[in-house]
Each structure stands twice: as C-alpha cells, then as structure tokens.
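Data file: upload.cif. Format and content: mmCIF, C-alpha atoms.
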data_query
loop_
_atom_site.group_PDB
_atom_site.id
_atom_site.type_symbol
_atom_site.label_atom_id
_atom_site.label_comp_id
_atom_site.auth_asym_id
_atom_site.auth_seq_id
_atom_site.Cartn_x
_atom_site.Cartn_y
_atom_site.Cartn_z
ATOM 1 C CA MET A 39 -11.782 -4.667 1.231
ATOM 2 C CA ALA A 40 -14.635 -7.163 1.229
ATOM 3 C CA LEU A 41 -15.142 -6.469 -2.490
ATOM 4 C CA LEU A 42 -11.460 -7.154 -3.186
ATOM 5 C CA GLN A 43 -11.534 -10.375 -1.237
ATOM 6 C CA ALA A 44 -14.721 -11.537 -2.934
ATOM 7 C CA GLY A 45 -13.437 -10.610 -6.393
ATOM 8 C CA ALA A 46 -10.225 -12.540 -5.841
ATOM 9 C CA ALA A 47 -11.756 -15.514 -4.011
ATOM 10 C CA ASP A 48 -10.999 -17.888 -6.893
ATOM 11 C CA TRP A 49 -7.476 -16.647 -7.574
ATOM 12 C CA PRO A 50 -4.700 -19.219 -7.243
ATOM 13 C CA LEU A 51 -2.918 -17.742 -4.209
ATOM 14 C CA ASP A 52 0.273 -19.681 -4.981
ATOM 15 C CA ARG A 53 0.572 -17.496 -8.119
ATOM 16 C CA THR A 54 -0.821 -14.260 -6.709
ATOM 17 C CA ALA A 55 1.185 -11.124 -5.984
ATOM 18 C CA ILE A 56 -0.055 -7.639 -5.200
ATOM 19 C CA VAL A 57 1.350 -4.215 -6.060
ATOM 20 C CA GLY A 58 0.038 -1.050 -4.451
ATOM 21 C CA SER A 59 0.999 2.581 -4.010
ATOM 22 C CA SER A 60 0.153 4.952 -1.141
ATOM 23 C CA LEU A 61 -3.268 3.899 0.219
ATOM 24 C CA GLY A 62 -3.149 1.064 -2.318
ATOM 25 C CA GLY A 63 0.158 0.071 -0.710
ATOM 26 C CA PHE A 64 -1.596 -0.164 2.642
ATOM 27 C CA TYR A 65 -4.297 -2.327 1.054
ATOM 28 C CA ALA A 66 -1.634 -4.471 -0.646
ATOM 29 C CA ALA A 67 0.163 -5.005 2.670
ATOM 30 C CA TRP A 68 -3.129 -5.929 4.354
ATOM 31 C CA LEU A 69 -4.037 -8.421 1.617
ATOM 32 C CA ALA A 70 -0.519 -9.885 1.594
ATOM 33 C CA ARG A 71 -0.931 -10.663 5.289
ATOM 34 C CA GLN A 72 -4.377 -12.186 4.792
ATOM 35 C CA TRP A 73 -3.368 -14.269 1.784
ATOM 36 C CA GLN A 74 0.292 -14.838 2.711
ATOM 37 C CA CYS A 75 1.386 -13.775 -0.774
ATOM 38 C CA PRO A 76 4.139 -11.452 -2.032
ATOM 39 C CA ALA A 77 3.513 -7.733 -2.351
ATOM 40 C CA VAL A 78 5.356 -4.742 -3.770
ATOM 41 C CA LEU A 79 4.624 -1.614 -1.754
ATOM 42 C CA LEU A 80 5.312 1.811 -3.275
ATOM 43 C CA ASN A 81 5.444 4.544 -0.628
ATOM 44 C CA PRO A 82 2.771 2.647 1.321
ATOM 45 C CA ALA A 83 0.491 4.427 3.749
ATOM 46 C CA VAL A 84 1.043 3.168 7.288
ATOM 47 C CA HIS A 85 -1.608 5.040 9.297
ATOM 48 C CA PRO A 86 -4.262 5.914 6.709
ATOM 49 C CA ALA A 87 -7.037 6.473 9.270
ATOM 50 C CA ARG A 88 -4.964 9.117 11.036
ATOM 51 C CA ASP A 89 -3.689 10.700 7.834
ATOM 52 C CA LEU A 90 -7.023 10.793 6.006
ATOM 53 C CA ALA A 91 -9.194 11.879 8.946
ATOM 54 C CA ARG A 92 -8.427 15.507 8.122
ATOM 55 C CA HIS A 93 -9.833 15.059 4.591
ATOM 56 C CA LEU A 94 -13.467 14.386 5.440
ATOM 57 C CA GLY A 95 -15.938 15.836 2.975
ATOM 58 C CA GLU A 96 -16.363 16.172 -0.775
ATOM 59 C CA HIS A 97 -13.383 16.096 -3.137
ATOM 60 C CA PRO A 98 -12.775 15.989 -6.889
ATOM 61 C CA VAL A 99 -11.704 12.641 -8.304
ATOM 62 C CA TRP A 100 -7.995 12.884 -9.075
ATOM 63 C CA HIS A 101 -8.212 11.353 -12.562
ATOM 64 C CA ASP A 102 -11.432 13.205 -13.494
ATOM 65 C CA PRO A 103 -11.999 16.466 -11.563
ATOM 66 C CA SER A 104 -15.519 16.710 -13.021
ATOM 67 C CA GLN A 105 -16.466 13.767 -10.756
ATOM 68 C CA ARG A 106 -16.715 14.035 -6.977
ATOM 69 C CA ILE A 107 -16.231 11.622 -4.096
ATOM 70 C CA PHE A 108 -17.330 12.018 -0.493
ATOM 71 C CA PHE A 109 -14.991 10.815 2.236
ATOM 72 C CA GLU A 110 -17.037 9.972 5.329
ATOM 73 C CA PRO A 111 -16.202 9.331 8.993
ATOM 74 C CA SER A 112 -17.224 5.695 8.422
ATOM 75 C CA HIS A 113 -14.344 5.393 5.942
ATOM 76 C CA VAL A 114 -11.901 6.482 8.655
ATOM 77 C CA GLN A 115 -13.439 3.922 11.027
ATOM 78 C CA ALA A 116 -13.068 1.182 8.405
ATOM 79 C CA LEU A 117 -9.399 2.107 7.906
ATOM 80 C CA SER A 118 -8.886 2.009 11.686
ATOM 81 C CA ARG A 119 -10.272 -1.534 11.784
ATOM 82 C CA LEU A 120 -7.971 -2.606 8.948
ATOM 83 C CA GLU A 121 -4.964 -1.067 10.723
ATOM 84 C CA ALA A 122 -5.813 -3.029 13.874
ATOM 85 C CA GLN A 123 -6.162 -6.225 11.845
ATOM 86 C CA MET A 124 -2.696 -5.664 10.356
ATOM 87 C CA GLN A 125 -1.268 -6.071 13.856
ATOM 88 C CA ASP A 126 -3.210 -9.301 14.399
ATOM 89 C CA VAL A 127 -2.008 -11.101 11.261
ATOM 90 C CA PRO A 128 1.789 -11.140 10.894
ATOM 91 C CA LEU A 129 3.343 -12.328 7.656
ATOM 92 C CA ALA A 130 4.415 -15.955 7.970
ATOM 93 C CA LYS A 131 7.627 -14.867 6.314
ATOM 94 C CA PRO A 132 8.193 -11.360 5.020
ATOM 95 C CA ARG A 133 7.504 -11.456 1.304
ATOM 96 C CA THR A 134 7.262 -7.765 0.666
ATOM 97 C CA LEU A 135 9.420 -5.364 -1.273
ATOM 98 C CA ALA A 136 8.821 -1.795 -0.170
ATOM 99 C CA PHE A 137 10.048 1.185 -2.164
ATOM 100 C CA ILE A 138 10.316 4.086 0.254
ATOM 101 C CA ALA A 139 11.256 7.549 -0.977
ATOM 102 C CA GLN A 140 12.903 9.796 1.575
ATOM 103 C CA GLY A 141 11.664 12.721 -0.512
ATOM 104 C CA ASP A 142 8.001 11.678 -0.142
ATOM 105 C CA GLU A 143 6.129 14.932 0.439
ATOM 106 C CA VAL A 144 2.927 13.206 1.617
ATOM 107 C CA LEU A 145 3.958 10.364 3.940
ATOM 108 C CA ASP A 146 6.758 10.024 6.495
ATOM 109 C CA TRP A 147 9.403 7.654 5.139
ATOM 110 C CA ARG A 148 10.525 6.780 8.687
ATOM 111 C CA GLU A 149 7.058 5.394 9.508
ATOM 112 C CA MET A 150 7.082 3.364 6.306
ATOM 113 C CA LEU A 151 10.509 1.971 7.101
ATOM 114 C CA ALA A 152 9.554 1.116 10.696
ATOM 115 C CA CYS A 153 6.421 -0.696 9.516
ATOM 116 C CA HIS A 154 7.851 -2.556 6.521
ATOM 117 C CA GLY A 155 11.484 -3.035 7.517
ATOM 118 C CA GLY A 156 10.864 -6.739 8.177
ATOM 119 C CA GLY A 157 10.641 -7.350 4.442
ATOM 120 C CA GLN A 158 12.912 -6.213 1.667
ATOM 121 C CA VAL A 159 13.261 -2.436 1.475
ATOM 122 C CA ARG A 160 14.587 -0.175 -1.232
ATOM 123 C CA LEU A 161 15.182 3.132 0.580
ATOM 124 C CA ILE A 162 15.368 5.821 -2.079
ATOM 125 C CA GLU A 163 17.260 9.018 -1.434
ATOM 126 C CA GLY A 164 15.101 11.825 -2.793
ATOM 127 C CA SER A 165 12.299 11.030 -5.266
ATOM 128 C CA ASP A 166 8.703 11.885 -4.306
ATOM 129 C CA HIS A 167 5.371 10.384 -3.278
ATOM 130 C CA ALA A 168 4.454 9.553 -6.879
ATOM 131 C CA LEU A 169 7.831 7.865 -7.430
ATOM 132 C CA SER A 170 8.278 9.953 -10.563
ATOM 133 C CA ASP A 171 11.417 7.924 -11.259
ATOM 134 C CA PHE A 172 9.450 4.633 -11.117
ATOM 135 C CA ASP A 173 11.029 3.349 -14.325
ATOM 136 C CA LEU A 174 14.353 3.056 -12.446
ATOM 137 C CA TYR A 175 12.822 0.379 -10.189
ATOM 138 C CA LEU A 176 10.782 -1.647 -12.659
ATOM 139 C CA THR A 177 13.493 -4.275 -13.264
ATOM 140 C CA GLU A 178 13.893 -4.811 -9.504
ATOM 141 C CA ILE A 179 10.132 -5.207 -9.128
ATOM 142 C CA MET A 180 9.942 -7.687 -11.992
ATOM 143 C CA GLU A 181 12.813 -9.729 -10.498
ATOM 144 C CA PHE A 182 11.149 -9.764 -7.062
ATOM 145 C CA LEU A 183 7.940 -11.029 -8.645
ATOM 146 C CA HIS A 184 9.914 -13.581 -10.701
ATOM 147 C CA LEU A 185 8.709 -12.026 -13.946
ATOM 148 C CA ALA A 186 12.102 -11.130 -15.371
#
What do you get writing this file as structure tokens?
Amino acid sequence: MALLQAGAADWPLDRTAIVGSSLGGFYAAWLARQWQCPAVLLNPAVHPARDLARHLGEHPVWHDPSQRIFFEPSHVQALSRLEAQMQDVPLAKPRTLAFIAQGDEVLDWREMLACHGGGQVRLIEGSDHALSDFDLYLTEIMEFLHLA
C-alpha cells in the first residue's frame, strides 16, 4: 500500500478515481477512504486477512503459472492492519459504486453488501466472482466515473 501511495503522491486527487476487483476492490476501498475519491468496487474483498490466512505458502502466479509467489504470515498481518484502518477513516460522503454478485463463488455477497451498502450498490442476481458478464456493467461504471 505504501508503494501505491508513493506512486500516486503527485496525482490530482480531484480527478482521481479507483477501480478494483476482489482484493483489488479492498485496496480501492481503502485508498478511496484515504484520498476521499470515488471508487468502483467489483466483488470487493471485505475481510482479506481472514479469507487469505488459509492460503499461506507458495502458489503459482495466476497469469503465468510458471512463476511462483509466496504468501507469508506477515502479509496477513499487513491486511489486518489495513482492515483496522478502514474502520478508522470513514468516507466523508460515500462515493463508491459496488458491483456485488450474489453468485460469487469466492466471497460472501452479504458481507460485501453490509460493508459497502453506504455507497451505491448494484446487487447482481447470479453472475460469479470474475463478473464474467462485466460488459453489461461498463456503461454504468463509465457514467459513475463521469466518463460517458
């Protein structure tokens, strides 16, 4: 997270918006709170420390299985700290649009809704964690971000 903040330190926050999916959705929600900017959250993780704690160890990289990553206990601790910080920094005004698929096979849609219900929510009947029908929501996302 420190790398993201440092890399974006010179961004004009009045023109910044963030889009993230799954764990990236958690990061997007965290940054949106820190920067008070809009965010689009796609099936965002709510409790990543809890959910990822069972995946400690070495894993293939999703986009290139020939590469490996190692998920360490310190990563879970870092996620726990970020989760705690989320509670400490409320959005000044909810400027999030969360797409939550009830058919998400990875994350519990009810947790996502409880966490992000203060902003705009598009509760999707069916679909999946990857939002395989993402193209159906692109216009709504562009309108929310004032790009359409």
Do you know which residues are at most 8 Å from A:Leu94 counting all atoms listed in the file, after dropping those on the same chain fewer than 4 positions away, and could you put them as a PyMOL selection string?
-> chain A and resi 90+108-111
Shortest interatomic distance to A:Gln158 - which of A:Ala139, A:Ala77, A:Val84, A:Leu42, counting all atoms listed in the file =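 The answer is A:Ala77, which sits nearest to A:Gln158.
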Return as a PDB file with C-alpha atoms, in the frame of the given file the set of residues that the PyMOL selection byres ((chain A and resi 89) around 12) yields on the displayed structure.
ATOM      1  CA  SER A  60       0.153   4.952  -1.141  1.00  0.00           C
ATOM      2  CA  LEU A  61      -3.268   3.899   0.219  1.00  0.00           C
ATOM      3  CA  ALA A  83       0.491   4.427   3.749  1.00  0.00           C
ATOM      4  CA  VAL A  84       1.043   3.168   7.288  1.00  0.00           C
ATOM      5  CA  HIS A  85      -1.608   5.040   9.297  1.00  0.00           C
ATOM      6  CA  PRO A  86      -4.262   5.914   6.709  1.00  0.00           C
ATOM      7  CA  ALA A  87      -7.037   6.473   9.270  1.00  0.00           C
ATOM      8  CA  ARG A  88      -4.964   9.117  11.036  1.00  0.00           C
ATOM      9  CA  LEU A  90      -7.023  10.793   6.006  1.00  0.00           C
ATOM     10  CA  ALA A  91      -9.194  11.879   8.946  1.00  0.00           C
ATOM     11  CA  ARG A  92      -8.427  15.507   8.122  1.00  0.00           C
ATOM     12  CA  HIS A  93      -9.833  15.059   4.591  1.00  0.00           C
ATOM     13  CA  LEU A  94     -13.467  14.386   5.440  1.00  0.00           C
ATOM     14  CA  VAL A 114     -11.901   6.482   8.655  1.00  0.00           C
ATOM     15  CA  LEU A 117      -9.399   2.107   7.906  1.00  0.00           C
ATOM     16  CA  SER A 118      -8.886   2.009  11.686  1.00  0.00           C
ATOM     17  CA  VAL A 144       2.927  13.206   1.617  1.00  0.00           C
ATOM     18  CA  LEU A 145       3.958  10.364   3.940  1.00  0.00           C
ATOM     19  CA  ASP A 146       6.758  10.024   6.495  1.00  0.00           C
TER      20      ASP A 146
END
Tell me which residues the PyMOL selection byres ((chain A and resi 134) around 12) grabs here, as a ChimeraX atom specification.
-> /A:55-58,63-64,66-71,74-80,82,129-133,135-137,153-160,179,182-183
Taking into account only C-alpha atoms, which residue in the set A:Ser165, A:Gln43, A:Gln125, A:Ser104 is nearest to A:Ile138?
->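 Smallest distance to A:Ile138 is found for A:Ser165.
Distance annotation: of A:Asn81, A:Glu178, A:His113, A:Val127, the residue with the minimal separation from A:Arg148 is A:Asn81; atom set is only C-alpha atoms.
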Atomic separation - atom CA of A:Ser170 relative to atom CA of A:Asp142, Å =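 Distance reported for this atom pair: 10.6 Å.
Restricting the calculation to only C-alpha atoms, the smallest distance between A:Leu169 and any of A:Ser59, A:Gln72, A:Glu181, A:Ala152 is found for A:Ser59.
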Have a look at atom CA of A:Phe172 and atom CA of A:Gln140 and let me know their distance in Å, one decimal.
-> 14.1 Å
